[in-house]
Amino acid sequence: MTAAEIARLAGVGRAAVSNWRRRHADFPKPAGGTETSPSFALAEVEHWLRDQGKLAEVPLRERVWQQLAGHPAGAVTALVHAGCALLLVHHRASGWPALSAVSDTRMAEMLPSAFEEVLTLRFDAPRAVRTPLAGELAPSVPLLRGAAALAAETGARQAFEFLLGRHLDANPRQYTLTPAELAALMAALVGPAGTVLDPASGTGTLLRSVDRPAALRAQEADPDLAALTALRLALHTDADVRTAVGDALRADAFPALAADAVLCHPPFNERNWGHEELAYDPRWEYGFPARTESELAWVQHALARLRPGGTAVLLMPPAAASRRSGRRVRAGLLRRGALRAVVALPAGAAPPYGIPLHLWVLRRPGATERPSPELLVVDTATAEHATAGRDKLDWQAIRTAVLDAWRPFERHGSVTQTPGVSRCVPVIELLDDDVDLAPARHLPPPAAGGGAVELGRVRERLAHTLGRTAELTPRPARPAAPAATPHWPSTTVGELARAGDLVLRAGGTGSAPADAPVAVLTEQDVLAGRGPSGTLPEGSEEEPVLIEAGDVVVPVLGAGAMVRVADEELAGAALGRNLQLLRPDPAALDPWFLAGFLRGSANQRQASSYASTATRLDVRRLQLPRLPLADQRRYGDRFRALGEFEEALRLAGRLGEQLVRGLHDGLTDGSLLPE
């Protein structure tokens, strides 16, 4: 088990585990892994935690997970064995007590026939899950007993989802996953369906999202994933489940299927998809895909496995909508009315996360059906739906924007356009030399700056803010007489930290738990006076430094003098790279007094290093006077007022820029008149 798993086991942060390793000579030695990412034996860790009084009992789910992760045949084999046992518990609950009452050796001998019975019940033959033999099951018996006990607590379905989820989280680069929110949107676009196919099923997330299907069909080239998908679906639903192993383009396992719906997240940018051997395949009704257009081969495969009137939704790379090599196939799809909608998603919706992917919604035309004269295009890749990365996507807004356009279009064949979001494009407009289907190219721009009404509101806010800046303009300062210039006794941040009057922390390390994303205050956020906009890196075993209200944040790179006092808006955010956090003891230091004196230009110059091309601030060398707390607060009140004035100036600048840009856009696109 890793240090992160030890922390989860003991209910502490990952930094605590690092401290235990440094401070306790008897802490278990690494049993594997690498120097930078060691792993430890569960039994040794459990024994040490109990001796230290840090653990009363290992939670059952953690024990089962550790047994699975450390299985001698590998985690995937262990998952398949556990899934078979959970399927048996789910469908033959009354027979499990008799199986579990015997010895481990006898249990391993009895399980194959029991597994064979339940696998035949759920999958018939042929099936994707091979019945394990007694010799293969012998090392798994303790795991299976634990998995059954976990199922008694949470249910067999939830137990398998937990184990599968932990395995996928532990191997993020091994699998291309479809996020659950995206899968739910794709299933909603399909709507109610009896028989649903996924020809590149991966871990089964898309089929698992279908609401009350009668039959599920899955094909997957990876035998391990095919087995896991079969078990996952069989535990999730009572529908008729059939899974197959193989490449659906080269070796279609369901050639006679006429499904009600197809959901698919196909592999992208594959050159070796069978271009040569499949040249005369009857599936290419809309044109033979070029070697570089593997995604268009998957599109036509999906259409070929639909009944007339059936719907397919595929996740596609944006290049498939505009590459010249695919224009003949795209034109064929449009002329026949097979392609009904193209939806642009925000970047971060699915891997690869840096690219704004598309959804294609298709329908197999009936023999006598007239082609649709219009294509629906929807663009959700806007700031309204996505702010900063995959953890901050507003999936509810994305879902609403897509379905509010698709459902009336599906019913009536048309929909009222929403500038910048959705529009029905006449197919005749698209059948040019490029056949470019990218939604952004066919959508009217949204009203400039939100329209004349919104620009009026911006102008009012700007006028109010400018008035506030006048009110907040600092009153003239009273100069001190030369003889009266104070010569305070001074101290440094380093001395205050050693005395315990403040805590000094550096930012930039740590990662957040998967179930609790944490925003990061970056260096640029501090300089711009805005809220946290960053995300934590993956894979670190250290805890992030979380900001509290009253903390003082100081950038350490560059020559700009900027210090920020954290308010409630920043509380809970993680401290980013190249930032230092000072947490003053409120009984000894006023935070605004501290921030104001640290920001002094002369103070920052004397504490900075100029040895390299980048100026670096040594926060410990920053000085401030030793003053009674009452005097600190007098200075702090003045520094706070200066901060409010500075923030009002920033807001006025942003509003002024928004107003000018909106007026320029409105005057140039004709939505505003010059009068």
# chains A, B, ... in the order shown; residues from 1 in each chain; ligands from 1
>>> residues_around(residues="Leu144 of chain A", least_positions_apart="5", cutoff="9 Å", atoms="only C-alpha atoms", output="list of chain:residue names")
A:Val64, A:Ala78, A:His81, A:Ala82, A:Gly83, A:Ala85, A:Leu86, A:Ala149
>>> residues_around(residues="segment 318-335 of chain A", least_positions_apart="6", cutoff="7 Å", atoms="only C-alpha atoms", output="number ranges by chain")
A: 286-287, 289-290, 293, 356-358, 371, 427, 431, 434-438
>>> atom_distance(atom1="atom CA of Arg650 of chain A", atom2="atom CA of Ala397 of chain A")
29.1 Å
>>> residues_around(residues="Pro139 of chain A", least_positions_apart="3", cutoff="10 Å", atoms="only C-alpha atoms", output="number ranges by chain")
A: 71-73, 78, 104-105, 108, 134-136, 142-144
>>> select_by_dssp(residues="segment 74-171 of chain A", states="alpha helix (DSSP H)", output="VMD selection string")
chain A and resid 75 to 91 96 to 100 104 to 123 134 to 137 141 to 154 156 to 170
>>> select_by_dssp(residues="segment 490-668 of chain A", states="strand (DSSP E or B)", output="number ranges by chain")
A: 490-492, 502-506, 519-521, 534-535, 546, 552-555, 557, 564-565, 574-575, 579-584, 608-609, 616-617, 623-625
>>> write_last_selection(atoms="C-alpha atoms", output="mmCIF file, in the first residue's frame")
data_model
loop_
_atom_site.group_PDB
_atom_site.id
_atom_site.type_symbol
_atom_site.label_atom_id
_atom_site.label_comp_id
_atom_site.auth_asym_id
_atom_site.auth_seq_id
_atom_site.Cartn_x
_atom_site.Cartn_y
_atom_site.Cartn_z
ATOM 1 C CA SER A 490 12.239 46.320 14.159
ATOM 2 C CA THR A 491 12.064 42.588 13.690
ATOM 3 C CA THR A 492 11.966 40.212 10.732
ATOM 4 C CA LEU A 502 3.279 33.606 12.963
ATOM 5 C CA VAL A 503 3.458 30.405 10.900
ATOM 6 C CA LEU A 504 5.288 30.471 7.574
ATOM 7 C CA ARG A 505 4.303 27.985 4.833
ATOM 8 C CA ALA A 506 5.380 27.576 1.208
ATOM 9 C CA ALA A 519 -9.185 25.381 -6.113
ATOM 10 C CA VAL A 520 -5.662 26.817 -6.104
ATOM 11 C CA LEU A 521 -4.701 30.449 -5.539
ATOM 12 C CA GLY A 534 -5.763 26.938 -10.539
ATOM 13 C CA THR A 535 -6.031 23.190 -9.966
ATOM 14 C CA LEU A 546 -5.015 25.437 2.666
ATOM 15 C CA VAL A 552 -1.185 36.968 4.444
ATOM 16 C CA VAL A 553 -0.059 35.717 1.020
ATOM 17 C CA VAL A 554 3.178 36.974 -0.556
ATOM 18 C CA PRO A 555 4.494 36.185 -4.097
ATOM 19 C CA LEU A 557 9.145 35.888 -7.733
ATOM 20 C CA ARG A 564 -2.735 39.998 -0.122
ATOM 21 C CA VAL A 565 -4.776 39.408 3.027
ATOM 22 C CA ALA A 574 -4.846 25.756 -1.738
ATOM 23 C CA LEU A 575 -1.660 27.833 -1.872
ATOM 24 C CA LEU A 579 3.688 31.897 -2.953
ATOM 25 C CA GLN A 580 4.430 32.125 0.770
ATOM 26 C CA LEU A 581 1.719 32.122 3.412
ATOM 27 C CA LEU A 582 2.088 33.935 6.733
ATOM 28 C CA ARG A 583 -0.482 33.022 9.377
ATOM 29 C CA PRO A 584 -0.204 35.602 12.180
ATOM 30 C CA SER A 608 15.192 40.334 -2.550
ATOM 31 C CA SER A 609 17.925 38.375 -4.282
ATOM 32 C CA ARG A 616 13.379 36.266 -5.739
ATOM 33 C CA LEU A 617 12.026 37.527 -2.452
ATOM 34 C CA GLN A 623 11.139 43.630 8.260
ATOM 35 C CA LEU A 624 8.383 45.316 10.242
ATOM 36 C CA PRO A 625 8.363 47.449 13.351
#
>>> residues_around(residues="Ser422 of chain A", least_positions_apart="4", cutoff="7 Å", atoms="only C-alpha atoms", output="compact mmCIF listing (two decimals) with C-alpha atoms, in the first residue's frame")
# COMPACT_ATOMS: atom_id res chain seq x y z
CA VAL A 377 -25.41 22.69 -34.03
CA VAL A 378 -24.84 23.44 -30.34
CA ASP A 379 -21.81 25.04 -28.73
CA ALA A 405 -31.96 22.47 -28.06
CA GLN A 417 -31.88 29.74 -32.45
CA THR A 418 -29.99 31.00 -29.41
CA LEU A 443 -23.57 30.09 -34.93
>>> closest_residue(among="A:Val518, A:Ala588, A:Ala4, A:Ala261", to="Ala170 of chain A", atoms="only C-alpha atoms")
A:Ala4
>>> residues_around(residues="Ala7 of chain A", least_positions_apart="3", cutoff="12 Å", atoms="only C-alpha atoms", output="ChimeraX atom specification")
/A:1-4,10-20,45-46,49,54-55,58,62,513,541-543
>>> atom_distance(atom1="atom CA of Leu359 of chain A", atom2="atom CA of Thr237 of chain A")
25.8 Å
>>> residues_around(residues="Trp395 of chain A", least_positions_apart="6", cutoff="12 Å", atoms="only C-alpha atoms", output="number ranges by chain")
A: 179-185, 345-346, 348-349, 380-381, 384-387, 401-403
>>> write_last_selection(atoms="N, CA, C and O atoms", output="PDB file, in the first residue's frame")
ATOM      1  N   PRO A 179     -16.139  10.180 -18.488  1.00  0.00           N
ATOM      2  CA  PRO A 179     -16.698  10.689 -17.227  1.00  0.00           C
ATOM      3  C   PRO A 179     -18.186  10.380 -17.096  1.00  0.00           C
ATOM      4  O   PRO A 179     -18.924  10.385 -18.088  1.00  0.00           O
ATOM      5  N   ALA A 180     -18.619  10.122 -15.878  1.00  0.00           N
ATOM      6  CA  ALA A 180     -20.007   9.725 -15.640  1.00  0.00           C
ATOM      7  C   ALA A 180     -20.988  10.802 -16.093  1.00  0.00           C
ATOM      8  O   ALA A 180     -22.069  10.495 -16.619  1.00  0.00           O
ATOM      9  N   GLU A 181     -20.637  12.091 -15.903  1.00  0.00           N
ATOM     10  CA  GLU A 181     -21.555  13.171 -16.291  1.00  0.00           C
ATOM     11  C   GLU A 181     -21.749  13.203 -17.810  1.00  0.00           C
ATOM     12  O   GLU A 181     -22.859  13.436 -18.295  1.00  0.00           O
ATOM     13  N   LEU A 182     -20.654  12.969 -18.549  1.00  0.00           N
ATOM     14  CA  LEU A 182     -20.763  12.941 -20.010  1.00  0.00           C
ATOM     15  C   LEU A 182     -21.566  11.723 -20.457  1.00  0.00           C
ATOM     16  O   LEU A 182     -22.389  11.814 -21.376  1.00  0.00           O
ATOM     17  N   ALA A 183     -21.327  10.581 -19.826  1.00  0.00           N
ATOM     18  CA  ALA A 183     -22.081   9.372 -20.167  1.00  0.00           C
ATOM     19  C   ALA A 183     -23.578   9.594 -19.944  1.00  0.00           C
ATOM     20  O   ALA A 183     -24.407   9.166 -20.761  1.00  0.00           O
ATOM     21  N   ALA A 184     -23.931  10.268 -18.850  1.00  0.00           N
ATOM     22  CA  ALA A 184     -25.340  10.535 -18.571  1.00  0.00           C
ATOM     23  C   ALA A 184     -25.947  11.444 -19.640  1.00  0.00           C
ATOM     24  O   ALA A 184     -27.103  11.260 -20.046  1.00  0.00           O
ATOM     25  N   LEU A 185     -25.184  12.436 -20.120  1.00  0.00           N
ATOM     26  CA  LEU A 185     -25.676  13.319 -21.171  1.00  0.00           C
ATOM     27  C   LEU A 185     -25.888  12.541 -22.470  1.00  0.00           C
ATOM     28  O   LEU A 185     -26.911  12.716 -23.153  1.00  0.00           O
ATOM     29  N   LEU A 345     -18.384  20.417 -26.983  1.00  0.00           N
ATOM     30  CA  LEU A 345     -18.261  20.389 -25.528  1.00  0.00           C
ATOM     31  C   LEU A 345     -17.110  21.275 -25.081  1.00  0.00           C
ATOM     32  O   LEU A 345     -16.189  21.548 -25.864  1.00  0.00           O
ATOM     33  N   PRO A 346     -17.098  21.710 -23.829  1.00  0.00           N
ATOM     34  CA  PRO A 346     -15.947  22.482 -23.333  1.00  0.00           C
ATOM     35  C   PRO A 346     -14.721  21.583 -23.194  1.00  0.00           C
ATOM     36  O   PRO A 346     -14.828  20.364 -23.010  1.00  0.00           O
ATOM     37  N   GLY A 348     -11.981  19.709 -21.304  1.00  0.00           N
ATOM     38  CA  GLY A 348     -12.049  19.126 -19.972  1.00  0.00           C
ATOM     39  C   GLY A 348     -13.232  18.202 -19.776  1.00  0.00           C
ATOM     40  O   GLY A 348     -13.387  17.609 -18.718  1.00  0.00           O
ATOM     41  N   ALA A 349     -14.074  18.031 -20.811  1.00  0.00           N
ATOM     42  CA  ALA A 349     -15.249  17.180 -20.666  1.00  0.00           C
ATOM     43  C   ALA A 349     -14.894  15.705 -20.664  1.00  0.00           C
ATOM     44  O   ALA A 349     -15.581  14.897 -20.053  1.00  0.00           O
ATOM     45  N   THR A 380     -21.382  24.436 -26.423  1.00  0.00           N
ATOM     46  CA  THR A 380     -21.343  24.659 -24.971  1.00  0.00           C
ATOM     47  C   THR A 380     -19.950  25.035 -24.504  1.00  0.00           C
ATOM     48  O   THR A 380     -19.722  25.138 -23.293  1.00  0.00           O
ATOM     49  N   ALA A 381     -19.017  25.201 -25.433  1.00  0.00           N
ATOM     50  CA  ALA A 381     -17.634  25.490 -25.058  1.00  0.00           C
ATOM     51  C   ALA A 381     -17.459  26.977 -24.775  1.00  0.00           C
ATOM     52  O   ALA A 381     -16.667  27.673 -25.407  1.00  0.00           O
ATOM     53  N   GLU A 384     -19.544  30.420 -19.879  1.00  0.00           N
ATOM     54  CA  GLU A 384     -20.731  30.215 -19.048  1.00  0.00           C
ATOM     55  C   GLU A 384     -20.784  28.794 -18.494  1.00  0.00           C
ATOM     56  O   GLU A 384     -21.299  28.551 -17.414  1.00  0.00           O
ATOM     57  N   HIS A 385     -20.223  27.834 -19.271  1.00  0.00           N
ATOM     58  CA  HIS A 385     -20.338  26.437 -18.878  1.00  0.00           C
ATOM     59  C   HIS A 385     -19.051  25.865 -18.326  1.00  0.00           C
ATOM     60  O   HIS A 385     -19.064  24.810 -17.704  1.00  0.00           O
ATOM     61  N   ALA A 386     -17.922  26.491 -18.571  1.00  0.00           N
ATOM     62  CA  ALA A 386     -16.643  25.970 -18.094  1.00  0.00           C
ATOM     63  C   ALA A 386     -15.780  27.133 -17.668  1.00  0.00           C
ATOM     64  O   ALA A 386     -15.690  28.135 -18.359  1.00  0.00           O
ATOM     65  N   THR A 387     -15.135  26.988 -16.517  1.00  0.00           N
ATOM     66  CA  THR A 387     -14.337  28.090 -16.008  1.00  0.00           C
ATOM     67  C   THR A 387     -12.854  27.794 -16.069  1.00  0.00           C
ATOM     68  O   THR A 387     -12.109  28.526 -16.678  1.00  0.00           O
ATOM     69  N   ALA A 401     -28.240  23.206 -21.730  1.00  0.00           N
ATOM     70  CA  ALA A 401     -28.070  23.844 -23.036  1.00  0.00           C
ATOM     71  C   ALA A 401     -28.247  22.842 -24.171  1.00  0.00           C
ATOM     72  O   ALA A 401     -28.875  23.147 -25.201  1.00  0.00           O
ATOM     73  N   VAL A 402     -27.718  21.636 -24.000  1.00  0.00           N
ATOM     74  CA  VAL A 402     -27.793  20.629 -25.061  1.00  0.00           C
ATOM     75  C   VAL A 402     -29.214  20.088 -25.201  1.00  0.00           C
ATOM     76  O   VAL A 402     -29.783  20.055 -26.306  1.00  0.00           O
ATOM     77  N   LEU A 403     -29.810  19.670 -24.102  1.00  0.00           N
ATOM     78  CA  LEU A 403     -31.124  19.032 -24.186  1.00  0.00           C
ATOM     79  C   LEU A 403     -32.231  20.031 -24.519  1.00  0.00           C
ATOM     80  O   LEU A 403     -33.210  19.672 -25.181  1.00  0.00           O
TER      81      LEU A 403
END
>>> closest_residue(among="A:Thr615, A:Gln67, A:Gln632, A:Gln52", to="Ala595 of chain A", atoms="only C-alpha atoms")
A:Gln632
>>> atom_distance(atom1="atom CA of Met107 of chain A", atom2="atom CA of Val141 of chain A")
7.3 Å
>>> closest_residue(among="A:His47, A:Cys84, A:Pro59, A:Trp298", to="Ser113 of chain A", atoms="only C-alpha atoms")
A:Cys84
